[in-house]
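Novice: So here's start.cif, just mmCIF, N, CA and C atoms:
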data_run
#
loop_
_atom_site.label_atom_id
_atom_site.label_comp_id
_atom_site.auth_asym_id
_atom_site.auth_seq_id
_atom_site.Cartn_x
_atom_site.Cartn_y
_atom_site.Cartn_z
N MET Y 207 9.28 -4.33 1.97
CA MET Y 207 9.57 -4.80 3.31
C MET Y 207 10.89 -5.57 3.29
N GLU Y 208 11.52 -5.58 4.43
CA GLU Y 208 12.82 -6.22 4.55
C GLU Y 208 12.70 -7.67 5.02
N VAL Y 209 13.75 -8.45 4.76
CA VAL Y 209 13.81 -9.84 5.18
C VAL Y 209 13.61 -9.93 6.70
N GLY Y 210 12.77 -10.87 7.11
CA GLY Y 210 12.51 -11.10 8.52
C GLY Y 210 11.33 -10.34 9.08
N GLN Y 211 10.86 -9.32 8.37
CA GLN Y 211 9.70 -8.58 8.86
C GLN Y 211 8.46 -9.47 8.77
N VAL Y 212 7.54 -9.25 9.68
CA VAL Y 212 6.31 -10.04 9.72
C VAL Y 212 5.18 -9.22 9.10
N LEU Y 213 4.56 -9.81 8.09
CA LEU Y 213 3.43 -9.16 7.41
C LEU Y 213 2.20 -9.18 8.31
N PHE Y 214 1.96 -10.31 8.95
CA PHE Y 214 0.91 -10.45 9.95
C PHE Y 214 1.23 -11.63 10.83
N HIS Y 215 0.65 -11.64 12.02
CA HIS Y 215 0.88 -12.70 13.00
C HIS Y 215 -0.32 -13.64 13.08
N GLN Y 216 -0.02 -14.89 13.33
CA GLN Y 216 -1.06 -15.88 13.59
C GLN Y 216 -1.95 -15.38 14.73
N GLY Y 217 -3.25 -15.43 14.52
CA GLY Y 217 -4.20 -14.98 15.54
C GLY Y 217 -4.67 -13.55 15.37
N ASP Y 218 -3.94 -12.73 14.59
CA ASP Y 218 -4.39 -11.37 14.32
C ASP Y 218 -5.69 -11.40 13.52
N ALA Y 219 -6.53 -10.40 13.70
CA ALA Y 219 -7.74 -10.27 12.89
C ALA Y 219 -7.33 -10.07 11.42
N ALA Y 220 -7.94 -10.82 10.53
CA ALA Y 220 -7.60 -10.75 9.10
C ALA Y 220 -8.34 -9.57 8.48
N ASN Y 221 -7.79 -8.38 8.67
CA ASN Y 221 -8.43 -7.18 8.17
C ASN Y 221 -7.85 -6.71 6.84
N SER Y 222 -6.91 -7.49 6.29
CA SER Y 222 -6.30 -7.14 5.00
C SER Y 222 -5.87 -8.42 4.29
N LEU Y 223 -5.77 -8.30 2.98
CA LEU Y 223 -5.09 -9.34 2.20
C LEU Y 223 -3.99 -8.65 1.41
N TYR Y 224 -3.04 -9.42 0.94
CA TYR Y 224 -1.85 -8.85 0.32
C TYR Y 224 -1.57 -9.55 -1.01
N PHE Y 225 -1.13 -8.75 -1.98
CA PHE Y 225 -0.68 -9.25 -3.28
C PHE Y 225 0.82 -9.06 -3.33
N ILE Y 226 1.56 -10.12 -3.66
CA ILE Y 226 3.02 -10.04 -3.71
C ILE Y 226 3.44 -9.57 -5.10
N GLU Y 227 3.95 -8.35 -5.17
CA GLU Y 227 4.45 -7.82 -6.45
C GLU Y 227 5.89 -8.26 -6.68
N VAL Y 228 6.70 -8.17 -5.63
CA VAL Y 228 8.11 -8.54 -5.67
C VAL Y 228 8.43 -9.26 -4.38
N GLY Y 229 9.23 -10.34 -4.47
CA GLY Y 229 9.69 -10.99 -3.26
C GLY Y 229 8.93 -12.26 -2.92
N ALA Y 230 8.99 -12.62 -1.63
CA ALA Y 230 8.37 -13.87 -1.18
C ALA Y 230 8.14 -13.82 0.32
N VAL Y 231 7.15 -14.61 0.76
CA VAL Y 231 6.87 -14.78 2.18
C VAL Y 231 6.74 -16.26 2.49
N THR Y 232 6.98 -16.59 3.74
CA THR Y 232 6.75 -17.95 4.23
C THR Y 232 5.66 -17.88 5.28
N LEU Y 233 4.72 -18.80 5.19
CA LEU Y 233 3.67 -18.90 6.18
C LEU Y 233 4.09 -19.94 7.22
N LEU Y 234 4.09 -19.52 8.48
CA LEU Y 234 4.49 -20.37 9.59
C LEU Y 234 3.33 -20.49 10.57
N GLN Y 235 3.07 -21.72 11.00
CA GLN Y 235 2.01 -21.96 11.98
C GLN Y 235 2.64 -22.57 13.22
N GLN Y 236 2.18 -22.09 14.36
CA GLN Y 236 2.73 -22.60 15.61
C GLN Y 236 1.60 -23.07 16.52
N GLN Y 237 1.73 -24.29 17.00
CA GLN Y 237 0.81 -24.82 18.00
C GLN Y 237 1.46 -24.60 19.36
N GLU Y 238 0.65 -24.48 20.37
CA GLU Y 238 1.16 -24.20 21.71
C GLU Y 238 2.23 -25.21 22.12
N GLY Y 239 3.40 -24.69 22.52
CA GLY Y 239 4.49 -25.53 22.99
C GLY Y 239 5.37 -26.12 21.90
N ASP Y 240 5.01 -25.96 20.64
CA ASP Y 240 5.79 -26.51 19.53
C ASP Y 240 6.58 -25.41 18.82
N GLN Y 241 7.53 -25.83 18.04
CA GLN Y 241 8.27 -24.93 17.17
C GLN Y 241 7.37 -24.55 15.99
N PRO Y 242 7.54 -23.36 15.43
CA PRO Y 242 6.75 -23.00 14.24
C PRO Y 242 7.01 -23.97 13.10
N ARG Y 243 5.96 -24.29 12.34
CA ARG Y 243 6.07 -25.17 11.17
C ARG Y 243 5.82 -24.38 9.91
N ARG Y 244 6.66 -24.62 8.92
CA ARG Y 244 6.48 -23.97 7.63
C ARG Y 244 5.32 -24.64 6.91
N LEU Y 245 4.33 -23.84 6.53
CA LEU Y 245 3.20 -24.36 5.76
C LEU Y 245 3.48 -24.26 4.27
N GLN Y 246 3.96 -23.08 3.85
CA GLN Y 246 4.29 -22.88 2.45
C GLN Y 246 4.99 -21.55 2.29
N SER Y 247 5.66 -21.43 1.15
CA SER Y 247 6.25 -20.15 0.75
C SER Y 247 5.53 -19.70 -0.50
N LEU Y 248 5.30 -18.40 -0.59
CA LEU Y 248 4.59 -17.81 -1.72
C LEU Y 248 5.43 -16.71 -2.32
N GLY Y 249 5.41 -16.63 -3.65
CA GLY Y 249 6.21 -15.63 -4.33
C GLY Y 249 5.37 -14.69 -5.18
N VAL Y 250 6.03 -14.06 -6.11
CA VAL Y 250 5.46 -13.05 -6.98
C VAL Y 250 4.14 -13.52 -7.60
N GLY Y 251 3.14 -12.63 -7.56
CA GLY Y 251 1.86 -12.91 -8.17
C GLY Y 251 0.86 -13.62 -7.28
N ASN Y 252 1.26 -13.98 -6.07
CA ASN Y 252 0.36 -14.68 -5.16
C ASN Y 252 -0.35 -13.72 -4.21
N LEU Y 253 -1.51 -14.15 -3.77
CA LEU Y 253 -2.23 -13.47 -2.70
C LEU Y 253 -1.89 -14.14 -1.38
N VAL Y 254 -1.88 -13.36 -0.32
CA VAL Y 254 -1.62 -13.87 1.02
C VAL Y 254 -2.73 -13.38 1.94
N GLY Y 255 -3.33 -14.31 2.66
CA GLY Y 255 -4.35 -13.96 3.63
C GLY Y 255 -5.75 -13.80 3.06
N GLU Y 256 -5.94 -14.25 1.81
CA GLU Y 256 -7.22 -14.01 1.15
C GLU Y 256 -8.36 -14.87 1.70
N MET Y 257 -8.07 -16.09 2.08
CA MET Y 257 -9.15 -16.96 2.53
C MET Y 257 -9.78 -16.44 3.83
N VAL Y 258 -8.96 -16.15 4.82
CA VAL Y 258 -9.50 -15.67 6.10
C VAL Y 258 -10.05 -14.25 5.98
N PHE Y 259 -9.55 -13.49 5.02
CA PHE Y 259 -10.09 -12.16 4.74
C PHE Y 259 -11.58 -12.27 4.42
N PHE Y 260 -11.92 -13.22 3.54
CA PHE Y 260 -13.31 -13.39 3.13
C PHE Y 260 -14.13 -14.20 4.14
N LEU Y 261 -13.46 -14.95 4.99
CA LEU Y 261 -14.17 -15.70 6.04
C LEU Y 261 -14.41 -14.86 7.29
N HIS Y 262 -13.88 -13.63 7.29
CA HIS Y 262 -14.00 -12.73 8.44
C HIS Y 262 -13.47 -13.42 9.70
N SER Y 263 -12.27 -13.95 9.57
CA SER Y 263 -11.65 -14.75 10.62
C SER Y 263 -10.31 -14.12 11.00
N SER Y 264 -9.52 -14.87 11.72
CA SER Y 264 -8.16 -14.42 12.06
C SER Y 264 -7.16 -15.22 11.24
N TYR Y 265 -5.97 -14.65 11.09
CA TYR Y 265 -4.92 -15.33 10.34
C TYR Y 265 -4.57 -16.64 11.04
N GLN Y 266 -4.50 -17.71 10.29
CA GLN Y 266 -4.21 -19.04 10.83
C GLN Y 266 -2.71 -19.33 10.89
N ALA Y 267 -1.91 -18.40 10.34
CA ALA Y 267 -0.46 -18.55 10.33
C ALA Y 267 0.15 -17.15 10.33
N SER Y 268 1.44 -17.08 10.61
CA SER Y 268 2.18 -15.83 10.49
C SER Y 268 2.86 -15.81 9.13
N ALA Y 269 3.00 -14.62 8.56
CA ALA Y 269 3.66 -14.46 7.26
C ALA Y 269 4.93 -13.66 7.47
N THR Y 270 6.08 -14.29 7.18
CA THR Y 270 7.39 -13.66 7.36
C THR Y 270 8.03 -13.43 6.00
N VAL Y 271 8.58 -12.24 5.81
CA VAL Y 271 9.20 -11.87 4.55
C VAL Y 271 10.53 -12.61 4.38
N ASP Y 272 10.69 -13.30 3.23
CA ASP Y 272 11.89 -14.09 2.94
C ASP Y 272 12.97 -13.34 2.18
N GLN Y 273 12.56 -12.34 1.43
CA GLN Y 273 13.49 -11.55 0.63
C GLN Y 273 12.89 -10.15 0.49
N PRO Y 274 13.71 -9.16 0.15
CA PRO Y 274 13.13 -7.82 0.01
C PRO Y 274 11.88 -7.90 -0.88
N SER Y 275 10.79 -7.33 -0.39
CA SER Y 275 9.50 -7.54 -1.04
C SER Y 275 8.68 -6.27 -1.14
N THR Y 276 7.82 -6.26 -2.13
CA THR Y 276 6.83 -5.20 -2.29
C THR Y 276 5.46 -5.85 -2.33
N PHE Y 277 4.55 -5.35 -1.50
CA PHE Y 277 3.20 -5.88 -1.40
C PHE Y 277 2.19 -4.79 -1.70
N HIS Y 278 1.04 -5.20 -2.19
CA HIS Y 278 -0.11 -4.32 -2.29
C HIS Y 278 -1.13 -4.84 -1.29
N ARG Y 279 -1.59 -3.97 -0.44
CA ARG Y 279 -2.51 -4.34 0.64
C ARG Y 279 -3.92 -3.88 0.30
N LEU Y 280 -4.88 -4.77 0.48
CA LEU Y 280 -6.29 -4.41 0.34
C LEU Y 280 -6.93 -4.59 1.71
N SER Y 281 -7.36 -3.50 2.31
CA SER Y 281 -8.02 -3.57 3.61
C SER Y 281 -9.50 -3.88 3.41
N LYS Y 282 -10.13 -4.33 4.48
CA LYS Y 282 -11.58 -4.59 4.41
C LYS Y 282 -12.32 -3.30 4.07
N GLU Y 283 -11.90 -2.19 4.65
CA GLU Y 283 -12.56 -0.92 4.37
C GLU Y 283 -12.46 -0.57 2.89
N SER Y 284 -11.28 -0.76 2.31
CA SER Y 284 -11.11 -0.46 0.88
C SER Y 284 -11.93 -1.41 0.02
N PHE Y 285 -12.01 -2.67 0.43
CA PHE Y 285 -12.81 -3.62 -0.32
C PHE Y 285 -14.29 -3.25 -0.26
N TYR Y 286 -14.79 -2.87 0.91
CA TYR Y 286 -16.19 -2.45 1.05
C TYR Y 286 -16.46 -1.21 0.19
N GLN Y 287 -15.50 -0.29 0.18
CA GLN Y 287 -15.64 0.91 -0.65
C GLN Y 287 -15.70 0.52 -2.13
N MET Y 288 -14.83 -0.43 -2.53
CA MET Y 288 -14.84 -0.91 -3.91
C MET Y 288 -16.21 -1.50 -4.25
N GLN Y 289 -16.78 -2.28 -3.34
CA GLN Y 289 -18.09 -2.89 -3.57
C GLN Y 289 -19.17 -1.82 -3.79
N GLN Y 290 -19.06 -0.72 -3.05
CA GLN Y 290 -20.05 0.35 -3.17
C GLN Y 290 -19.85 1.19 -4.43
N GLU Y 291 -18.61 1.55 -4.70
CA GLU Y 291 -18.33 2.49 -5.78
C GLU Y 291 -18.07 1.83 -7.13
N LYS Y 292 -17.53 0.63 -7.13
CA LYS Y 292 -17.18 -0.08 -8.37
C LYS Y 292 -17.55 -1.55 -8.23
N PRO Y 293 -18.84 -1.86 -8.14
CA PRO Y 293 -19.25 -3.25 -7.89
C PRO Y 293 -18.74 -4.23 -8.95
N GLU Y 294 -18.62 -3.79 -10.19
CA GLU Y 294 -18.13 -4.69 -11.23
C GLU Y 294 -16.66 -5.07 -11.00
N VAL Y 295 -15.89 -4.16 -10.46
CA VAL Y 295 -14.49 -4.44 -10.14
C VAL Y 295 -14.42 -5.42 -8.96
N ALA Y 296 -15.27 -5.20 -7.96
CA ALA Y 296 -15.31 -6.09 -6.80
C ALA Y 296 -15.68 -7.51 -7.20
N VAL Y 297 -16.66 -7.65 -8.10
CA VAL Y 297 -17.06 -8.97 -8.57
C VAL Y 297 -15.92 -9.63 -9.35
N ALA Y 298 -15.25 -8.87 -10.20
CA ALA Y 298 -14.12 -9.42 -10.96
C ALA Y 298 -13.00 -9.85 -10.01
N PHE Y 299 -12.75 -9.06 -8.98
CA PHE Y 299 -11.72 -9.40 -8.01
C PHE Y 299 -12.09 -10.68 -7.27
N GLN Y 300 -13.34 -10.79 -6.82
CA GLN Y 300 -13.78 -12.00 -6.13
C GLN Y 300 -13.69 -13.21 -7.04
N SER Y 301 -14.00 -13.06 -8.30
CA SER Y 301 -13.89 -14.17 -9.26
C SER Y 301 -12.43 -14.61 -9.40
N ALA Y 302 -11.52 -13.66 -9.42
CA ALA Y 302 -10.10 -14.00 -9.50
C ALA Y 302 -9.65 -14.74 -8.25
N VAL Y 303 -10.11 -14.32 -7.09
CA VAL Y 303 -9.75 -14.99 -5.83
C VAL Y 303 -10.31 -16.41 -5.83
N ILE Y 304 -11.54 -16.58 -6.29
CA ILE Y 304 -12.14 -17.92 -6.36
C ILE Y 304 -11.29 -18.82 -7.27
N GLN Y 305 -10.83 -18.30 -8.39
CA GLN Y 305 -9.98 -19.07 -9.30
C GLN Y 305 -8.68 -19.48 -8.61
N ILE Y 306 -8.07 -18.56 -7.91
CA ILE Y 306 -6.81 -18.84 -7.19
C ILE Y 306 -7.04 -19.93 -6.14
N LEU Y 307 -8.11 -19.80 -5.36
CA LEU Y 307 -8.40 -20.79 -4.33
C LEU Y 307 -8.71 -22.15 -4.94
N GLY Y 308 -9.43 -22.16 -6.05
CA GLY Y 308 -9.72 -23.42 -6.74
C GLY Y 308 -8.46 -24.09 -7.23
N ASP Y 309 -7.52 -23.30 -7.79
CA ASP Y 309 -6.25 -23.86 -8.25
C ASP Y 309 -5.45 -24.45 -7.09
N ARG Y 310 -5.44 -23.74 -5.97
CA ARG Y 310 -4.72 -24.24 -4.79
C ARG Y 310 -5.34 -25.54 -4.28
N LEU Y 311 -6.65 -25.61 -4.26
CA LEU Y 311 -7.33 -26.81 -3.79
C LEU Y 311 -7.06 -27.99 -4.71
N THR Y 312 -7.06 -27.74 -6.01
CA THR Y 312 -6.75 -28.79 -6.99
C THR Y 312 -5.34 -29.33 -6.77
N ARG Y 313 -4.36 -28.42 -6.56
CA ARG Y 313 -2.98 -28.85 -6.30
C ARG Y 313 -2.89 -29.64 -5.00
N ALA Y 314 -3.63 -29.20 -3.96
CA ALA Y 314 -3.61 -29.90 -2.68
C ALA Y 314 -4.17 -31.31 -2.83
N TYR Y 315 -5.26 -31.47 -3.57
CA TYR Y 315 -5.82 -32.80 -3.81
C TYR Y 315 -4.82 -33.69 -4.53
N LYS Y 316 -4.12 -33.13 -5.52
CA LYS Y 316 -3.12 -33.90 -6.25
C LYS Y 316 -1.98 -34.33 -5.33
N GLU Y 317 -1.52 -33.43 -4.48
CA GLU Y 317 -0.45 -33.77 -3.53
C GLU Y 317 -0.89 -34.86 -2.58
N ILE Y 318 -2.11 -34.78 -2.10
CA ILE Y 318 -2.64 -35.80 -1.19
C ILE Y 318 -2.71 -37.14 -1.91
N ALA Y 319 -3.21 -37.14 -3.14
CA ALA Y 319 -3.31 -38.39 -3.92
C ALA Y 319 -1.93 -38.97 -4.14
N ASP Y 320 -0.94 -38.13 -4.45
CA ASP Y 320 0.43 -38.61 -4.66
C ASP Y 320 1.01 -39.23 -3.38
N LEU Y 321 0.70 -38.62 -2.23
CA LEU Y 321 1.20 -39.14 -0.96
C LEU Y 321 0.55 -40.47 -0.59
N LEU Y 322 -0.69 -40.66 -1.01
CA LEU Y 322 -1.42 -41.89 -0.68
C LEU Y 322 -1.12 -43.04 -1.62
N ARG Y 323 -0.48 -42.75 -2.75
CA ARG Y 323 -0.13 -43.80 -3.71
C ARG Y 323 0.93 -44.71 -3.14
N PRO Y 324 0.76 -46.03 -3.30
CA PRO Y 324 1.78 -46.97 -2.78
C PRO Y 324 3.08 -46.90 -3.55
#
Take the structure from the file and write it as structure tokens.
Specialist:
Amino acid sequence: MEVGQVLFHQGDAANSLYFIEVGAVTLLQQQEGDQPRRLQSLGVGNLVGEMVFFLHSSYQASATVDQPSTFHRLSKESFYQMQQEKPEVAVAFQSAVIQILGDRLTRAYKEIADLLRP
């Protein structure tokens, strides 16, 4: 994908998650009447949209491509097919996602603690 392209928009149904093979994206969230706010940028090796994918929710932010990028997309349909045909692969994938989310949560707690330190 090219710079400036939108991978998904805030509010869209989260019917896919993406793995960044090459490049980077920035997640932007916009509240009504405000300018978009940068939440974070993600690069090679990161998943994008995984939390809301598993929560069966909508994307909470828009993802904009920052540099020429290559993504691998996993749709809900493909994930359900994986669960049926290769359940051991689906379980391994879910375990990897849990690890990623746990690492992100640990980093967020550390950042909050650092901000609260006098």
Novice: CA of Asp218 (chain Y) and CA of Tyr265 (chain Y) are how many Å apart?
Specialist: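 Distance reported for this atom pair: 5.6 Å.
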Novice: Specify as JSON, numbers by chain each residue included when the PyMOL selection byres ((chain Y and resi 214) around 7) is applied to this file.
Specialist: {"Y": [211, 212, 213, 215, 216, 217, 218, 267, 268, 269, 270]}
Novice: If you run DSSP over the backbone, which residues in chain Y end up strand (DSSP E)? Put them as a PyMOL selection string.
Specialist: chain Y and resi 212-214+222-235+243-248+253-254+268-281
Novice: Print the selection's residues with N, CA and C atoms to a file, as a short mmCIF file (atom, residue, chain, number, x, y, z; two decimals), in the coordinates of the input.
Specialist:
data_model
loop_
_atom_site.label_atom_id
_atom_site.label_comp_id
_atom_site.auth_asym_id
_atom_site.auth_seq_id
_atom_site.Cartn_x
_atom_site.Cartn_y
_atom_site.Cartn_z
N VAL Y 212 7.54 -9.25 9.68
CA VAL Y 212 6.31 -10.04 9.72
C VAL Y 212 5.18 -9.22 9.10
N LEU Y 213 4.56 -9.81 8.09
CA LEU Y 213 3.43 -9.16 7.41
C LEU Y 213 2.20 -9.18 8.31
N PHE Y 214 1.96 -10.31 8.95
CA PHE Y 214 0.91 -10.45 9.95
C PHE Y 214 1.23 -11.63 10.83
N SER Y 222 -6.91 -7.49 6.29
CA SER Y 222 -6.30 -7.14 5.00
C SER Y 222 -5.87 -8.42 4.29
N LEU Y 223 -5.77 -8.30 2.98
CA LEU Y 223 -5.09 -9.34 2.20
C LEU Y 223 -3.99 -8.65 1.41
N TYR Y 224 -3.04 -9.42 0.94
CA TYR Y 224 -1.85 -8.85 0.32
C TYR Y 224 -1.57 -9.55 -1.01
N PHE Y 225 -1.13 -8.75 -1.98
CA PHE Y 225 -0.68 -9.25 -3.28
C PHE Y 225 0.82 -9.06 -3.33
N ILE Y 226 1.56 -10.12 -3.66
CA ILE Y 226 3.02 -10.04 -3.71
C ILE Y 226 3.44 -9.57 -5.10
N GLU Y 227 3.95 -8.35 -5.17
CA GLU Y 227 4.45 -7.82 -6.45
C GLU Y 227 5.89 -8.26 -6.68
N VAL Y 228 6.70 -8.17 -5.63
CA VAL Y 228 8.11 -8.54 -5.67
C VAL Y 228 8.43 -9.26 -4.38
N GLY Y 229 9.23 -10.34 -4.47
CA GLY Y 229 9.69 -10.99 -3.26
C GLY Y 229 8.93 -12.26 -2.92
N ALA Y 230 8.99 -12.62 -1.63
CA ALA Y 230 8.37 -13.87 -1.18
C ALA Y 230 8.14 -13.82 0.32
N VAL Y 231 7.15 -14.61 0.76
CA VAL Y 231 6.87 -14.78 2.18
C VAL Y 231 6.74 -16.26 2.49
N THR Y 232 6.98 -16.59 3.74
CA THR Y 232 6.75 -17.95 4.23
C THR Y 232 5.66 -17.88 5.28
N LEU Y 233 4.72 -18.80 5.19
CA LEU Y 233 3.67 -18.90 6.18
C LEU Y 233 4.09 -19.94 7.22
N LEU Y 234 4.09 -19.52 8.48
CA LEU Y 234 4.49 -20.37 9.59
C LEU Y 234 3.33 -20.49 10.57
N GLN Y 235 3.07 -21.72 11.00
CA GLN Y 235 2.01 -21.96 11.98
C GLN Y 235 2.64 -22.57 13.22
N ARG Y 243 5.96 -24.29 12.34
CA ARG Y 243 6.07 -25.17 11.17
C ARG Y 243 5.82 -24.38 9.91
N ARG Y 244 6.66 -24.62 8.92
CA ARG Y 244 6.48 -23.97 7.63
C ARG Y 244 5.32 -24.64 6.91
N LEU Y 245 4.33 -23.84 6.53
CA LEU Y 245 3.20 -24.36 5.76
C LEU Y 245 3.48 -24.26 4.27
N GLN Y 246 3.96 -23.08 3.85
CA GLN Y 246 4.29 -22.88 2.45
C GLN Y 246 4.99 -21.55 2.29
N SER Y 247 5.66 -21.43 1.15
CA SER Y 247 6.25 -20.15 0.75
C SER Y 247 5.53 -19.70 -0.50
N LEU Y 248 5.30 -18.40 -0.59
CA LEU Y 248 4.59 -17.81 -1.72
C LEU Y 248 5.43 -16.71 -2.32
N LEU Y 253 -1.51 -14.15 -3.77
CA LEU Y 253 -2.23 -13.47 -2.70
C LEU Y 253 -1.89 -14.14 -1.38
N VAL Y 254 -1.88 -13.36 -0.32
CA VAL Y 254 -1.62 -13.87 1.02
C VAL Y 254 -2.73 -13.38 1.94
N SER Y 268 1.44 -17.08 10.61
CA SER Y 268 2.18 -15.83 10.49
C SER Y 268 2.86 -15.81 9.13
N ALA Y 269 3.00 -14.62 8.56
CA ALA Y 269 3.66 -14.46 7.26
C ALA Y 269 4.93 -13.66 7.47
N THR Y 270 6.08 -14.29 7.18
CA THR Y 270 7.39 -13.66 7.36
C THR Y 270 8.03 -13.43 6.00
N VAL Y 271 8.58 -12.24 5.81
CA VAL Y 271 9.20 -11.87 4.55
C VAL Y 271 10.53 -12.61 4.38
N ASP Y 272 10.69 -13.30 3.23
CA ASP Y 272 11.89 -14.09 2.94
C ASP Y 272 12.97 -13.34 2.18
N GLN Y 273 12.56 -12.34 1.43
CA GLN Y 273 13.49 -11.55 0.63
C GLN Y 273 12.89 -10.15 0.49
N PRO Y 274 13.71 -9.16 0.15
CA PRO Y 274 13.13 -7.82 0.01
C PRO Y 274 11.88 -7.90 -0.88
N SER Y 275 10.79 -7.33 -0.39
CA SER Y 275 9.50 -7.54 -1.04
C SER Y 275 8.68 -6.27 -1.14
N THR Y 276 7.82 -6.26 -2.13
CA THR Y 276 6.83 -5.20 -2.29
C THR Y 276 5.46 -5.85 -2.33
N PHE Y 277 4.55 -5.35 -1.50
CA PHE Y 277 3.20 -5.88 -1.40
C PHE Y 277 2.19 -4.79 -1.70
N HIS Y 278 1.04 -5.20 -2.19
CA HIS Y 278 -0.11 -4.32 -2.29
C HIS Y 278 -1.13 -4.84 -1.29
N ARG Y 279 -1.59 -3.97 -0.44
CA ARG Y 279 -2.51 -4.34 0.64
C ARG Y 279 -3.92 -3.88 0.30
N LEU Y 280 -4.88 -4.77 0.48
CA LEU Y 280 -6.29 -4.41 0.34
C LEU Y 280 -6.93 -4.59 1.71
N SER Y 281 -7.36 -3.50 2.31
CA SER Y 281 -8.02 -3.57 3.61
C SER Y 281 -9.50 -3.88 3.41
#
Novice: Neighbouring residues of region 302-306 of chain Y were defined as those with any atom within 8 Å, considering all atoms listed in the file; residues of the same chain fewer than 6 positions away were excluded. Please report them as a list in words.
Specialist: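 Contacts, in chain order: Leu253, Glu256, Ala296 and Thr312 of chain Y.
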Novice: Write out as a list in words the set of residues from region 222-287 of chain Y that DSSP, computed on the backbone, places in helix (DSSP H, G or I).
Specialist: Glu256, Met257, Val258, Phe259, Phe260, Leu261, Lys282, Glu283, Ser284, Phe285, Tyr286 and Gln287 of chain Y
Novice: Using only N, CA and C atoms, which protein or nucleic acid residues come within 6 Å of Gly210 (chain Y)? Drop anything in the same chain fewer than 6 positions from it, and give the result as a list in words.
Specialist: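 That gives Thr270, Val271, Asp272 and Gln273 of chain Y.
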Novice: Would you translate the PyMOL selection byres ((chain Y and resi 275) around 8) into the concrete set of residues it matches in this file, as a count of residues only?
Specialist: 16
Novice: As a check of understanding, name the residues that the PyMOL selection byres ((chain Y and resi 246) around 5) selects in the supplied structure, as a PyMOL selection string.
Specialist: chain Y and resi 232-233+244-245+247-248
Novice: Export, as a PDB file, keeping the file's coordinate frame, the selected residues with N, CA and C atoms.
Specialist:
ATOM      1  N   THR Y 232       6.980 -16.590   3.740  1.00  0.00           N
ATOM      2  CA  THR Y 232       6.750 -17.950   4.230  1.00  0.00           C
ATOM      3  C   THR Y 232       5.660 -17.880   5.280  1.00  0.00           C
ATOM      4  N   LEU Y 233       4.720 -18.800   5.190  1.00  0.00           N
ATOM      5  CA  LEU Y 233       3.670 -18.900   6.180  1.00  0.00           C
ATOM      6  C   LEU Y 233       4.090 -19.940   7.220  1.00  0.00           C
ATOM      7  N   ARG Y 244       6.660 -24.620   8.920  1.00  0.00           N
ATOM      8  CA  ARG Y 244       6.480 -23.970   7.630  1.00  0.00           C
ATOM      9  C   ARG Y 244       5.320 -24.640   6.910  1.00  0.00           C
ATOM     10  N   LEU Y 245       4.330 -23.840   6.530  1.00  0.00           N
ATOM     11  CA  LEU Y 245       3.200 -24.360   5.760  1.00  0.00           C
ATOM     12  C   LEU Y 245       3.480 -24.260   4.270  1.00  0.00           C
ATOM     13  N   SER Y 247       5.660 -21.430   1.150  1.00  0.00           N
ATOM     14  CA  SER Y 247       6.250 -20.150   0.750  1.00  0.00           C
ATOM     15  C   SER Y 247       5.530 -19.700  -0.500  1.00  0.00           C
ATOM     16  N   LEU Y 248       5.300 -18.400  -0.590  1.00  0.00           N
ATOM     17  CA  LEU Y 248       4.590 -17.810  -1.720  1.00  0.00           C
ATOM     18  C   LEU Y 248       5.430 -16.710  -2.320  1.00  0.00           C
TER      19      LEU Y 248
END
Novice: Hey, which of Y:Lys316, Y:Phe225, Y:Gln290, Y:Ser264 ends up closest to Gly251 (chain Y)? Count only N, CA and C atoms.
Specialist: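 The answer is Y:Phe225, which sits nearest to Gly251 (chain Y).
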Novice: Which one of Y:Val295, Y:Met257, Y:Gln237, Y:Tyr224 sits closest to Arg279 (chain Y) if you count all atoms listed in the file?
Specialist: Y:Tyr224
Novice: Go ahead and compute the interatomic distance for atom N of Glu294 (chain Y) and atom N of Ala219 (chain Y), in Å to one decimal.
Specialist: 27.6 Å
